[in-house]
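Shown next, in structure tokens, is the structure this report addresses.
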Amino acid sequence: MLTRICTILILAAALNAQQPVAPTPEPVGSPRGDTAGNYNVMNSFETGYRWRLVDGNLGKYRADVNYGNGIRLLGSSFSMYSKDGHGQYFDEILLNTLGLGNDPYQSASLRIQKNNLYRYDMLWRLNDYYNPGLTISAGEHLTDTTRRLLDNDLTLMPLSAFHVRLGYSRNDQTGPALSSVQEFDSRGDSYVVFSNVRREWNEYRLGLDVTAAGFKFTLLRRWDFYKEDTPYQFHGNEPASTPGDLTVLQNFARSAPYHGSNPGWLGNLVTQRKRWSMNARATYVSGSRDFALDESASGLSRFGAAANRQILVNGTAQRPSMASDFNFSYFPTERLTLVNNTSVQSTRIDGDATYTEFANGSGLGTTFNFRYWGVRTVGNSTDANYRANNWLSVYTGYAYSNRLIKTIEHFELPGVANSSFDSLYEQTNALNTGRLGFRIKPIKPLTINVEGEVGRASQPFTPFSERNYHTINGRVDYRLKKLQLSASYKQFYNTNSVSLSIYDSHSRNYTASASWAPYDWFSLDASYVKLHLDALGSLAFFAGSPRSTLQTAYSSLYVSNLHAANLGTRFTIRKRADVYLGYSITKDTGDGRATAVPAGVTDPIQALLSGVQTFPLSFQSPMARVSIRISPKVRWNAGWQFYNYSEEFNLLGFYQNYHANTGYTSILWSF
């Protein structure tokens with residue numbers, strides 16, 4: 001099931017990465033810019049109207065695409081350069097925007113620079129995130145939030161051997177959401193509660209860079225602060241959905257503030273010499289967390305009696321983390337390169353928490369818990385690359401890593417004699433990896449790369465961790481001035497068997513792409529990707545009727561065969577109209593079955609598992625755009641894009657199919 005969820009998330013990311021039809025990428029205005037005093041100025045602005053027509057699941061469309069109706073600044077670009085590099089207050093200004101006004105994905109970037117005095121960079125982004133949560137909770141978990149991200153960096157004396165850097169970043173998320181709670185006991189019913197998401201992260205930075213004697217040294221101090229103050233509320237009289245259950249939730253409130261800070265250091269030392277080079281880096285973060293939870297609920301229990309429940313949880317934790325790398329490269333000859341890397345990582349979490357629960361005015365006691373969790377990893381790798389001649393290179397490598405995981409659990413009931421105990425758990429995992437590959441160039445435009453890797457781990461931490469695995473990678477590139485062809489193949493196979501479970505996974509990736517531009521007015525791009533994945537693992541769970549028993553005869557199986565193809569062409573008509581036509585399709589054929597539950601499956605447990613073993617679906621998006629040159633500084637643009645999402649099997653009874661027509665018209669001008 002985890003593999004399936006990961007694949008769905010990867011597919012969702014691919015859908016979100018689908019290129020929209022707007023803004024228009026065609027140039028406008030003079031390619032050399034215009035003169036304004038001692039500066040050269042170039043600018044372009046595209047203002048237009050987007051529209052959409054959606055049929056089907058609007059929530060899924062909003063989760064994937066989310067473009068709506070309205071006027072907006074689709075895109076803009078402004079640059080101003082000093083002609084002689086000696087402007088009065090600045091030598092360079094760059095400003096670029098995307099989707100300002102109504103788009104769900106907006107951004108603006110700004111750079112102002114005065115040579116050898118200062119450089120200021122700003123990046124602002126806004127993302128509207130919507131998740132209907134149908135497939136996991138029947139719509140009871142829903143998110144409709146806005147995330148804003150801001151980065152500011154100021155560098156003083158950027159071209160000198162010594163310069164100072166200052167920075168500030170902010171990331172906040174706000175908006176309504178739905179969640180669920182279970183009341184009033186472990187067999188209670190689920191109820192929907194409203195939450196107002198409030199999350200915020202701020203970072204302040206101060207650093208310096210020094211270059212001397214062939215070395216460059218960087219030191220950066222960071223202060224990070226994070227807080228979440230999302231309240232959860234419910235007011236009403238919501239009865240249970242189970243017949244005969246008298247549970248009624250009347251009021252619910254939860255406050256769960258979570259605050260933390262992460263002050264840290266980063267240092268880096270690098271140098272490049274004729275026969276050797278070196279790069280050393282170290283980071284340290286001293287994390288601290290404080291949390292509290294106050295939850296109260298009132299109503300009627302499953303037997304109709306008055307019920308109220310209050311839970312108080314609070315605690316603190318420290319999370320120091322350190323990572324360091326030392327990379328040394330040696331070039332004994334022009335044809336041989338040796339690289340050695342040593343890395344050390346350590347992360348620890350330790351703290352205490354108290355849990356107190358009250359029911360019907362009676363305190364059920366206070367428990368004190370302490371937990372320590374630590375991971376230490378030490379690794380070393382050596383790689384050698386030998387260029388035998390101009391057409392053949394061979395490279396090989398060996399890597400070793402050792403990871404120690406330690407957990408200490410403490411439990412105590414204050415005031416109760418002999419209630420305190422500690423439990424210590426440790427596990428060490430050693431991984432040995434070997435690599436071998438070669439690169440050949442039989443003719444100038446053709447390059448072939450082939451490499452393989454074999455790894456063996458002693459005690460993997462989880463059943464689906466890498467244990468006995470191997471990879472095979474190959475790539476072919478053919479490049480001429482007007483034609484570029486490439487193809488690649490990747491295979492990963494891993495098997496892991498521990499005392500309680502087994503896990504086996506196999507993936508194969510095929511890619512091919514072509515780019516052809518025979519004329520200045522015509523170009524063609526095409527690509528194809530196939531991703532195959534099959535994963536098999538053992539299961540152990542309680543199920544059955546009339547009494548649940550331990551089930552060990554079933555397995556977790558997931559099969560995916562994902563195909564993705566893109567085709568696009570650009571051409572110009574009579575040097576006035578630029579046209580782009582494109583088509584994109586993503587299709588998962590699953591394991592080829594026609595129904596979610598294969599014919600002949602009568603076991604209800606196997607029928608439930610079979611329904612989540614594969615998830616065939618398709619997503620396709622044709623698009624067309626035309627840009628007509630009205631004058632050297634003005635263009636009229638129009639575009640259309642179609643989205644079609646179709647699931648062959650539903651999950652938990654919900655189909656999320658939709659198709660949508662979207663488009664825009666705009667004016668692109670320069671002045």
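Chains: A, B, ... in order of the structure tokens. Residues: from 1 per chain. Ligands: from 1, in order shown.
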
Practice prompt. Run DSSP on the backbone of this structure and report the residues of stretch 524-625 of chain A it assigns to strand (DSSP E), as an NGL selection string.
Written response: :A and (524-538 or 541-543 or 549-551 or 555-573 or 577-588 or 617-625)

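Within the 9 Å cut-off around A:Gly175, using only C-alpha atoms and omitting residues fewer than 4 positions from it on the same chain, the listed residues are A:Thr143, A:Asp144, A:Thr145, A:Thr146, A:Arg147, A:Ser195, A:Asn196, A:Val197, A:Arg198.
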
Go ahead and write the residues just picked, N, CA, C and O atoms, as a PDB file, in the first residue's frame.
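For reference, again.pdb as written:
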ATOM      1  N   THR A 143      -8.339  20.002   2.504  1.00  0.00           N
ATOM      2  CA  THR A 143      -7.421  21.123   2.702  1.00  0.00           C
ATOM      3  C   THR A 143      -7.587  22.118   1.573  1.00  0.00           C
ATOM      4  O   THR A 143      -7.597  21.738   0.401  1.00  0.00           O
ATOM      5  N   ASP A 144      -7.745  23.391   1.931  1.00  0.00           N
ATOM      6  CA  ASP A 144      -7.854  24.473   0.947  1.00  0.00           C
ATOM      7  C   ASP A 144      -7.033  25.647   1.484  1.00  0.00           C
ATOM      8  O   ASP A 144      -7.567  26.585   2.069  1.00  0.00           O
ATOM      9  N   THR A 145      -5.722  25.574   1.290  1.00  0.00           N
ATOM     10  CA  THR A 145      -4.818  26.523   1.921  1.00  0.00           C
ATOM     11  C   THR A 145      -3.997  27.273   0.886  1.00  0.00           C
ATOM     12  O   THR A 145      -3.937  26.902  -0.283  1.00  0.00           O
ATOM     13  N   THR A 146      -3.356  28.318   1.351  1.00  0.00           N
ATOM     14  CA  THR A 146      -2.449  29.121   0.541  1.00  0.00           C
ATOM     15  C   THR A 146      -1.089  29.145   1.216  1.00  0.00           C
ATOM     16  O   THR A 146      -0.999  29.419   2.422  1.00  0.00           O
ATOM     17  N   ARG A 147      -0.061  28.848   0.441  1.00  0.00           N
ATOM     18  CA  ARG A 147       1.309  28.881   0.959  1.00  0.00           C
ATOM     19  C   ARG A 147       2.062  30.024   0.295  1.00  0.00           C
ATOM     20  O   ARG A 147       2.063  30.158  -0.926  1.00  0.00           O
ATOM     21  N   SER A 195     -10.818  22.991  11.052  1.00  0.00           N
ATOM     22  CA  SER A 195      -9.549  23.543  11.526  1.00  0.00           C
ATOM     23  C   SER A 195      -9.165  24.730  10.665  1.00  0.00           C
ATOM     24  O   SER A 195      -9.462  24.775   9.471  1.00  0.00           O
ATOM     25  N   ASN A 196      -8.541  25.694  11.282  1.00  0.00           N
ATOM     26  CA  ASN A 196      -8.021  26.880  10.600  1.00  0.00           C
ATOM     27  C   ASN A 196      -6.507  26.780  10.619  1.00  0.00           C
ATOM     28  O   ASN A 196      -5.856  27.069  11.622  1.00  0.00           O
ATOM     29  N   VAL A 197      -5.935  26.343   9.493  1.00  0.00           N
ATOM     30  CA  VAL A 197      -4.505  26.048   9.429  1.00  0.00           C
ATOM     31  C   VAL A 197      -3.701  27.330   9.599  1.00  0.00           C
ATOM     32  O   VAL A 197      -3.934  28.325   8.895  1.00  0.00           O
ATOM     33  N   ARG A 198      -2.744  27.299  10.519  1.00  0.00           N
ATOM     34  CA  ARG A 198      -1.825  28.417  10.741  1.00  0.00           C
ATOM     35  C   ARG A 198      -0.436  27.838  11.013  1.00  0.00           C
ATOM     36  O   ARG A 198      -0.163  27.324  12.101  1.00  0.00           O
TER      37      ARG A 198
END

What's the 6 Å shell around stretch 98-100 of chain A, counting only C-alpha atoms, without same-chain residues fewer than 3 positions away, as an mmCIF file with N, CA, C and O atoms, in the first residue's frame?
data_model
loop_
_atom_site.group_PDB
_atom_site.id
_atom_site.type_symbol
_atom_site.label_atom_id
_atom_site.label_comp_id
_atom_site.auth_asym_id
_atom_site.auth_seq_id
_atom_site.Cartn_x
_atom_site.Cartn_y
_atom_site.Cartn_z
ATOM 1 N N ARG A 72 -5.536 38.672 -15.355
ATOM 2 C CA ARG A 72 -4.305 38.620 -14.567
ATOM 3 C C ARG A 72 -3.117 39.060 -15.422
ATOM 4 O O ARG A 72 -3.206 39.138 -16.662
ATOM 5 N N LEU A 73 -2.035 39.354 -14.734
ATOM 6 C CA LEU A 73 -0.762 39.613 -15.405
ATOM 7 C C LEU A 73 -0.098 38.258 -15.595
ATOM 8 O O LEU A 73 0.534 37.721 -14.680
ATOM 9 N N LEU A 74 -0.238 37.690 -16.789
ATOM 10 C CA LEU A 74 0.255 36.340 -17.036
ATOM 11 C C LEU A 74 1.761 36.249 -16.859
ATOM 12 O O LEU A 74 2.278 35.246 -16.357
ATOM 13 N N GLY A 75 2.479 37.278 -17.274
ATOM 14 C CA GLY A 75 3.929 37.270 -17.126
ATOM 15 C C GLY A 75 4.498 38.624 -17.476
ATOM 16 O O GLY A 75 3.901 39.412 -18.217
ATOM 17 N N ASP A 103 -3.848 33.782 -10.681
ATOM 18 C CA ASP A 103 -3.356 32.425 -10.881
ATOM 19 C C ASP A 103 -3.091 31.739 -9.544
ATOM 20 O O ASP A 103 -2.671 32.383 -8.575
ATOM 21 N N GLN A 106 1.841 31.785 -8.393
ATOM 22 C CA GLN A 106 2.349 33.110 -8.701
ATOM 23 C C GLN A 106 3.790 33.227 -8.193
ATOM 24 O O GLN A 106 4.163 32.599 -7.199
ATOM 25 N N SER A 107 4.562 34.047 -8.863
ATOM 26 C CA SER A 107 5.943 34.250 -8.439
ATOM 27 C C SER A 107 6.437 35.593 -8.934
ATOM 28 O O SER A 107 5.933 36.140 -9.920
#

Item to complete: Give me, please, the distance in Å between atom CA of A:Leu431 and atom CA of A:Gly374, quoted to one decimal.
Response: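 Computing the Euclidean distance for atom CA of A:Leu431 and atom CA of A:Gly374 yields 18.5 Å.
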
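Of the residues under consideration (A:Arg165, A:Arg222, A:Arg289, A:His259), A:His259 shows the shortest atom-to-atom contact distance to A:Arg199 when counting only C-alpha atoms.
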
Response to the item:
Atom pair atom CA of A:Ile628 + atom CA of A:Ser30, distance 16.2 Å

Fill in: Surrounding residues of A:Met278 excluding itself and chain neighbours under 2 positions, 7 Å, only C-alpha atoms, as a list in words
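Within the cut-off, the hits are Val270, Thr271, Gln272, Trp276, Ala280, Asn327, Phe328 and Ser329 of chain A.
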
Fill in: Atomic distance atom CA of A:Arg148 - atom CA of A:Arg170, expressed in Å with one decimal
7.8 Å

With 8 Å as the cut-off and only C-alpha atoms counted, what is the closest atom pair between each nearby residue of stretch 545-576 of chain A and stretch 603-612 of chain A? Distances in Å to one decimal, ordered by chain and number, as JSON lines.
{"residue": "A:Tyr554", "atom": "CA", "partner": "A:Gln606", "partner_atom": "CA", "distance": 7.5}
{"residue": "A:Ser556", "atom": "CA", "partner": "A:Leu609", "partner_atom": "CA", "distance": 7.5}
{"residue": "A:Tyr558", "atom": "CA", "partner": "A:Val612", "partner_atom": "CA", "distance": 7.5}

Go ahead and dump the residues you just picked, N, CA, C and O atoms, as a short mmCIF file (atom, residue, chain, number, x, y, z; two decimals), in the first residue's frame.
data_model
loop_
_atom_site.label_atom_id
_atom_site.label_comp_id
_atom_site.auth_asym_id
_atom_site.auth_seq_id
_atom_site.Cartn_x
_atom_site.Cartn_y
_atom_site.Cartn_z
N TYR A 554 -1.52 -13.83 3.54
CA TYR A 554 -1.73 -12.85 2.48
C TYR A 554 -0.46 -12.03 2.26
O TYR A 554 0.40 -11.94 3.15
N SER A 556 1.27 -8.33 0.25
CA SER A 556 1.06 -7.00 -0.31
C SER A 556 1.74 -6.95 -1.67
O SER A 556 2.95 -7.06 -1.77
N TYR A 558 1.94 -4.82 -5.47
CA TYR A 558 1.58 -3.65 -6.26
C TYR A 558 2.32 -3.70 -7.58
O TYR A 558 3.53 -3.97 -7.62
#
